[in-house]
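target-v9.cif follows; it contains mmCIF, C-alpha atoms.
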data_upload
loop_
_atom_site.label_atom_id
_atom_site.label_comp_id
_atom_site.auth_asym_id
_atom_site.auth_seq_id
_atom_site.Cartn_x
_atom_site.Cartn_y
_atom_site.Cartn_z
CA MET A 1 60.65 12.41 74.29
CA GLY A 2 63.02 12.11 77.25
CA TYR A 3 66.47 13.72 77.58
CA THR A 4 69.48 12.21 79.28
CA SER A 5 71.61 14.57 81.31
CA ILE A 6 75.33 14.02 80.67
CA SER A 7 77.54 15.01 83.60
CA PRO A 8 81.04 16.25 82.84
CA ASN A 9 83.89 13.97 83.75
CA VAL A 10 85.03 15.79 86.88
CA LEU A 11 88.03 14.49 88.81
CA PRO A 12 87.06 13.92 92.43
CA LEU A 13 88.47 16.46 94.90
CA ASP A 14 90.49 13.89 96.80
CA ARG A 15 92.32 13.02 93.57
CA THR A 16 92.83 16.69 92.58
CA LEU A 17 94.42 17.95 95.79
CA PRO A 18 97.81 16.20 95.32
CA TYR A 19 98.32 18.08 92.02
CA ILE A 20 97.69 21.56 93.42
CA PRO A 21 101.26 22.15 94.77
CA SER A 22 102.75 21.21 91.38
CA ILE A 23 100.31 23.47 89.56
CA LEU A 24 101.08 26.37 91.89
CA ASN A 25 104.81 25.76 91.51
CA MET A 26 104.55 25.84 87.72
CA PHE A 27 102.47 29.02 87.92
CA ALA A 28 105.03 30.67 90.22
CA LYS A 29 107.90 29.76 87.88
CA SER A 30 105.98 31.19 84.93
CA VAL A 31 105.38 34.44 86.80
CA ILE A 32 109.08 34.68 87.74
CA LEU A 33 110.10 34.10 84.11
CA ILE A 34 107.70 36.75 82.83
CA VAL A 35 108.92 39.26 85.44
CA ALA A 36 112.55 38.53 84.51
CA LEU A 37 111.84 39.06 80.80
CA LEU A 38 109.98 42.30 81.49
CA THR A 39 112.79 43.52 83.76
CA ALA A 40 115.43 42.78 81.11
CA ALA A 41 113.38 44.56 78.45
CA ALA A 42 112.91 47.57 80.73
CA ALA A 43 116.66 47.67 81.44
CA ARG A 44 117.45 47.65 77.72
CA LEU A 45 114.92 50.42 77.10
CA THR A 46 116.28 52.46 80.01
CA LYS A 47 119.86 52.09 78.76
CA LYS A 48 118.76 53.17 75.28
CA GLN A 49 116.89 56.17 76.69
CA ASN A 50 119.83 57.07 78.94
CA THR A 51 122.32 57.00 76.07
CA GLN A 52 119.99 59.03 73.85
CA SER A 53 119.67 61.63 76.61
CA SER A 54 123.47 61.54 76.85
CA GLY A 55 123.65 62.75 73.27
CA PHE A 56 124.43 59.62 71.28
CA ASN A 57 122.85 56.40 70.08
CA ILE A 58 124.25 52.94 70.73
CA PRO A 59 126.47 51.93 67.78
CA LEU A 60 126.07 48.64 65.98
CA SER A 61 129.39 47.65 67.55
CA TRP A 62 131.69 49.17 70.15
CA ASN A 63 134.56 47.58 68.23
CA ILE A 64 136.52 49.07 65.39
CA SER A 65 137.87 46.72 62.79
CA GLY A 66 140.71 46.64 60.32
CA ASN A 67 138.31 44.97 57.87
CA THR A 68 135.79 46.87 55.77
CA ASP A 69 132.99 44.43 56.66
CA GLY A 70 133.53 44.87 60.38
CA SER A 71 134.77 41.34 60.99
CA THR A 72 137.23 41.16 63.86
CA SER A 73 140.16 39.08 64.91
CA VAL A 74 142.70 39.42 67.68
CA THR A 75 145.06 41.24 65.32
CA ASP A 76 142.67 44.03 64.34
CA PHE A 77 140.24 44.41 67.23
CA ASN A 78 140.17 47.77 69.05
CA VAL A 79 137.48 49.32 71.23
CA ILE A 80 135.61 52.63 71.30
CA ASN A 81 136.06 53.82 74.87
CA ALA A 82 135.15 57.52 74.74
CA VAL A 83 132.35 59.61 73.22
CA ILE A 84 132.13 63.36 72.76
CA SER A 85 128.41 63.76 73.37
CA GLY A 86 126.13 65.22 70.72
CA ASN A 87 124.82 67.44 73.52
CA SER A 88 128.11 69.31 73.37
CA ASP A 89 128.47 72.81 71.97
CA SER A 90 128.01 72.88 68.18
CA TYR A 91 131.24 74.82 67.59
CA THR A 92 133.18 72.07 69.33
CA LEU A 93 131.43 69.30 67.41
CA ASN A 94 132.09 71.07 64.11
CA ASN A 95 135.71 71.81 65.00
CA ILE A 96 136.48 68.66 66.94
CA GLU A 97 140.16 68.53 65.99
CA ASP A 98 140.69 71.99 67.49
CA TYR A 99 139.28 70.75 70.78
CA LEU A 100 141.39 67.61 70.62
CA ASN A 101 144.44 69.77 69.90
CA ALA A 102 143.56 71.67 73.08
CA LEU A 103 143.58 68.34 74.94
CA GLY A 104 147.11 67.63 73.77
CA PHE A 105 146.67 65.75 70.48
CA ALA A 106 147.80 66.68 66.99
CA GLU A 107 148.19 65.30 63.48
CA GLU A 108 150.72 62.56 62.99
CA CYS A 109 154.40 63.35 62.53
CA PHE A 110 154.60 65.65 59.47
CA GLY A 111 151.24 64.23 58.39
CA PHE A 112 152.81 60.85 57.68
CA HIS A 113 150.64 57.82 58.43
CA ARG A 114 151.68 54.22 58.18
CA GLY A 115 149.07 51.50 58.34
CA ASN A 116 145.57 50.81 57.09
CA PRO A 117 142.44 52.56 58.38
CA PHE A 118 140.08 51.07 60.92
CA TYR A 119 136.32 50.94 60.36
CA ALA A 120 133.38 51.62 62.68
CA ASN A 121 129.63 51.10 62.38
CA LEU A 122 127.70 53.63 64.47
CA ASN A 123 124.24 52.35 63.56
CA ASP A 124 123.38 55.58 61.74
CA GLY A 125 123.00 54.42 58.15
CA GLN A 126 126.64 54.90 57.16
CA GLY A 127 127.53 51.23 57.45
CA TRP A 128 131.16 50.43 58.21
CA PHE A 129 133.20 53.54 57.42
CA ALA A 130 136.84 54.48 57.82
CA GLN A 131 138.25 56.72 60.52
CA GLN A 132 137.90 60.42 59.77
CA PHE A 133 141.17 61.27 61.47
CA GLU A 134 143.91 59.77 63.59
CA LEU A 135 145.75 61.92 66.12
CA ARG A 136 148.69 61.33 68.40
CA GLN A 137 149.75 62.80 71.71
CA ASN A 138 151.66 66.03 71.16
CA ILE A 139 154.48 65.48 73.63
CA GLY A 140 155.83 68.80 74.83
CA ASP A 141 153.25 70.70 72.76
CA ASN A 142 155.70 71.45 69.96
CA PRO A 143 155.90 70.89 66.18
CA PHE A 144 157.75 67.61 66.74
CA GLY A 145 155.60 66.38 69.62
CA THR A 146 153.78 63.71 67.65
CA CYS A 147 157.09 62.56 66.19
CA LEU A 148 158.24 61.94 69.75
CA GLU A 149 155.06 59.97 70.40
CA SER A 150 155.71 57.85 67.32
CA LEU A 151 159.23 57.13 68.56
CA PHE A 152 158.65 56.67 72.28
CA GLY A 153 154.95 55.81 72.54
CA GLY A 154 152.02 57.56 74.18
CA ASN A 155 148.33 58.20 73.67
CA HIS A 156 146.65 58.12 70.30
CA LEU A 157 143.06 58.13 69.04
CA ARG A 158 140.84 57.83 65.99
CA GLY A 159 137.62 59.73 65.30
CA TYR A 160 134.23 58.70 63.89
CA GLN A 161 131.18 60.99 63.85
CA GLN A 162 127.68 59.59 64.30
CA LYS A 163 125.54 61.15 61.60
CA SER A 164 122.28 60.91 63.55
CA THR A 165 123.51 62.75 66.68
CA ASN A 166 126.78 64.50 65.65
CA ALA A 167 128.50 62.74 68.56
CA TRP A 168 132.13 61.74 68.08
CA PHE A 169 133.17 58.18 68.93
CA LEU A 170 136.82 57.88 69.91
CA PRO A 171 138.87 54.69 70.32
CA ILE A 172 141.72 55.82 72.56
CA SER A 173 144.71 53.82 73.74
CA LYS A 174 148.21 54.22 75.04
CA GLU A 175 150.71 52.52 72.77
CA LYS A 176 154.29 51.33 73.00
CA ASP A 177 157.22 52.79 71.09
CA VAL A 178 158.14 52.18 67.47
CA SER A 179 160.49 49.30 68.34
CA ASP A 180 157.43 47.43 69.67
CA HIS A 181 155.45 48.28 66.51
CA HIS A 182 153.12 50.58 68.46
CA ASP A 183 151.46 47.64 70.20
CA ILE A 184 148.95 48.59 72.88
CA ALA A 185 150.78 49.30 76.14
CA THR A 186 150.01 47.41 79.33
CA ASN A 187 146.46 48.37 80.37
CA GLY A 188 146.57 50.84 77.48
CA TYR A 189 142.83 50.94 76.74
CA ASN A 190 141.92 51.96 80.28
CA SER A 191 144.88 54.26 80.94
CA GLY A 192 144.57 55.98 77.55
CA ARG A 193 140.89 56.68 78.10
CA ASP A 194 141.46 57.91 81.65
CA ALA A 195 144.25 60.29 80.60
CA PHE A 196 141.95 61.72 77.93
CA ALA A 197 139.04 62.11 80.38
CA ASN A 198 141.25 63.76 83.00
CA ALA A 199 142.52 66.27 80.43
CA ALA A 200 138.92 67.09 79.45
CA LYS A 201 138.08 67.86 83.09
CA GLY A 202 140.43 70.83 83.01
CA SER A 203 140.33 74.21 81.27
CA VAL A 204 142.09 73.99 77.90
CA ASN A 205 142.81 76.28 74.97
CA TYR A 206 143.89 76.20 71.36
CA GLY A 207 143.85 78.63 68.45
CA GLY A 208 142.45 81.54 70.43
CA LYS A 209 139.61 79.50 71.95
CA CYS A 210 139.36 78.64 75.65
CA TRP A 211 137.19 75.71 76.75
CA PRO A 212 135.86 75.38 80.30
CA PRO A 213 136.14 72.01 82.08
CA ALA A 214 133.96 69.41 80.39
CA THR A 215 131.46 67.17 82.14
CA VAL A 216 132.75 63.60 82.17
CA ALA A 217 130.72 60.53 83.12
CA TYR A 218 131.64 56.87 82.86
CA GLU A 219 129.06 54.34 81.67
CA GLN A 220 129.40 50.56 81.56
CA LEU A 221 128.38 50.07 77.94
CA TYR A 222 130.71 47.25 76.97
CA PRO A 223 131.65 43.84 78.37
CA ALA A 224 134.74 43.81 80.56
CA TYR A 225 137.59 41.88 78.95
CA ALA A 226 140.35 40.13 80.83
CA GLY A 227 142.67 40.57 77.88
CA ALA A 228 144.08 37.32 76.56
CA GLY A 229 142.50 36.64 73.18
CA ASP A 230 139.85 39.32 73.70
CA THR A 231 141.42 42.52 72.35
CA ASP A 232 144.23 43.67 70.12
CA ASP A 233 147.57 42.87 71.82
CA ASP A 234 145.72 40.96 74.57
CA GLN A 235 145.26 43.99 76.81
CA PRO A 236 142.41 44.14 79.37
CA TYR A 237 139.52 46.56 79.08
CA ASP A 238 137.05 47.32 81.88
CA GLY A 239 134.16 48.06 79.50
CA GLN A 240 133.58 51.63 80.68
CA VAL A 241 133.04 54.40 78.14
CA ALA A 242 133.91 58.01 79.04
CA ILE A 243 131.04 60.29 77.98
CA VAL A 244 132.36 63.85 77.57
CA THR A 245 130.01 66.83 77.22
CA VAL A 246 131.77 70.03 76.20
CA ASP A 247 130.44 73.56 76.70
CA ALA A 248 131.03 76.43 74.28
CA PRO A 249 134.50 77.97 74.26
CA SER A 250 135.20 81.66 74.71
CA ASN A 251 137.69 83.82 72.85
CA CYS A 252 140.97 84.16 74.69
#
Output the structure of this file as structure tokens.
Amino acid sequence: MGYTSISPNVLPLDRTLPYIPSILNMFAKSVILIVALLTAAAARLTKKQNTQSSGFNIPLSWNISGNTDGSTSVTDFNVINAVISGNSDSYTLNNIEDYLNALGFAEECFGFHRGNPFYANLNDGQGWFAQQFELRQNIGDNPFGTCLESLFGGNHLRGYQQKSTNAWFLPISKEKDVSDHHDIATNGYNSGRDAFANAAKGSVNYGGKCWPPATVAYEQLYPAYAGAGDTDDDQPYDGQVAIVTVDAPSNC
């Protein structure tokens, strides 16, 4: 019995050569795409590792919302622009309001608060939860200092603790006076954060405790917003978060 050899249908070389540049071009584009995807993934992993080493985990949202489900609108959209790192001294983290008092903040005027709470989701299993405190600038460091802030405007902040790291997330802003309904002042997100960070860089004291200058680093963890339609009261925000690491206080 004889066998017939069947040759594969091979395209002649002279007909193959014209396709080689296109094939190489497609291959090069595929390699570039793969490299870009791997680079982006590595950047995300690096940012996550960097923030974890900084003593906090990335929250579900850097926004705080006036709505319990976290939905935002221009009228209730504020930003978290400072973090007290979970790498800070445990006494400070457990007595955070004492440290904030040392930085020039205090409870609202005679403890009176007007307005609804804001909610944050720190990606730690707590879901969207209400602020744990709201403090105002203690102008003149006297019993009526926060009353003056309520009347004439100044810095104020809210506090939310991340359960998984003990870090404190602080939305800070400079606000206008009571006649302007405490709207965010011009450039108030950036200037409020910077005033807070500058205070933390100095030696401060409160209630018999003296804190050394904190370590402050800025990280670009948020998109930069031009302002109009992007944030509450249409104020710009540069997207930088002040990461503050506080050492143990001494008795003084």
| message | For the provided coordinates, the residues matched by the PyMOL selection byres ((chain A and resi 243) around 9) should be stated as an NGL selection string. | response | :A and (54 or 81-85 or 197 or 215-219 or 241-242 or 244-245)
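Distances here use only C-alpha atoms; by that measure, the residue among A:Gly86, A:Pro171, A:Pro59, A:Pro249 closest to Gly207 in chain A is A:Pro249.
Taking all atoms listed in the file into account, Pro223 in chain A lies nearest to A:Ile80 out of the set A:Ile80, A:Ile139, A:Ile32, A:Ile172.
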| said: Could you tell me how far CA of Cys147 in chain A sits from CA of Asp183 in chain A, in Å to one decimal place? | reply: 16.4 Å
| In Å, how far is it from CA of Arg136 in chain A to CA of Phe105 in chain A? | 5.3 Å
| task | List the neighbours of Ser203 in chain A out to 12 Å using only C-alpha atoms; skip same-chain residues closer than 2 positions along the sequence, and give me the result as a list in words. | result | Tyr99, Ala102, Leu103, Asn198, Ala199, Ala200, Lys201, Asn205, Tyr206, Lys209, Cys210, Trp211, Pro212, Pro213, Ala214, Thr215, Val246, Asp247, Ala248, Pro249, Ser250 and Cys252 of chain A
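Rounded to one decimal, CA of Thr146 in chain A and CA of Tyr91 in chain A lie 25.1 Å from each other.
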| task | Give as an MDAnalysis selection string the residues that the PyMOL selection byres ((chain A and resi 131) around 7) matches when applied to the coordinates above. | result | chainID A and resid 117:119 129:130 132:133 158:160
| Nearest to Tyr222 in chain A among A:Phe196, A:Val79, A:Ser53, A:Asn25, with distances taken over all atoms listed in the file: which residue is it? | A:Val79
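Applied to the shown file, the PyMOL selection byres ((chain A and resi 237) around 6) selects the residues Tyr189, Ala224, Tyr225, Pro236, Asp238 and Gly239 of chain A.
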Preceding selection exported with C-alpha atoms as a PDB file, in the coordinates of the input:
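Heads up, here's the output in again.pdb:
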ATOM      1  CA  TYR A 189     142.830  50.940  76.740  1.00  0.00           C
ATOM      2  CA  ALA A 224     134.740  43.810  80.560  1.00  0.00           C
ATOM      3  CA  TYR A 225     137.590  41.880  78.950  1.00  0.00           C
ATOM      4  CA  PRO A 236     142.410  44.140  79.370  1.00  0.00           C
ATOM      5  CA  ASP A 238     137.050  47.320  81.880  1.00  0.00           C
ATOM      6  CA  GLY A 239     134.160  48.060  79.500  1.00  0.00           C
TER       7      GLY A 239
END
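The shell of residues at most 10 Å from Gly140 in chain A, with all atoms listed in the file counted and near chain neighbours (fewer than 4 positions) removed, consists of A:Gly104, A:Phe144, A:Gly145, A:Thr146, A:Leu148, A:Glu149.
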| field | Residue neighbourhood Ser164 in chain A, 12 Å, all atoms listed in the file, exclusion window fewer than 6 positions, as number ranges by chain | value | A: 52, 55-59, 85-86, 122-126
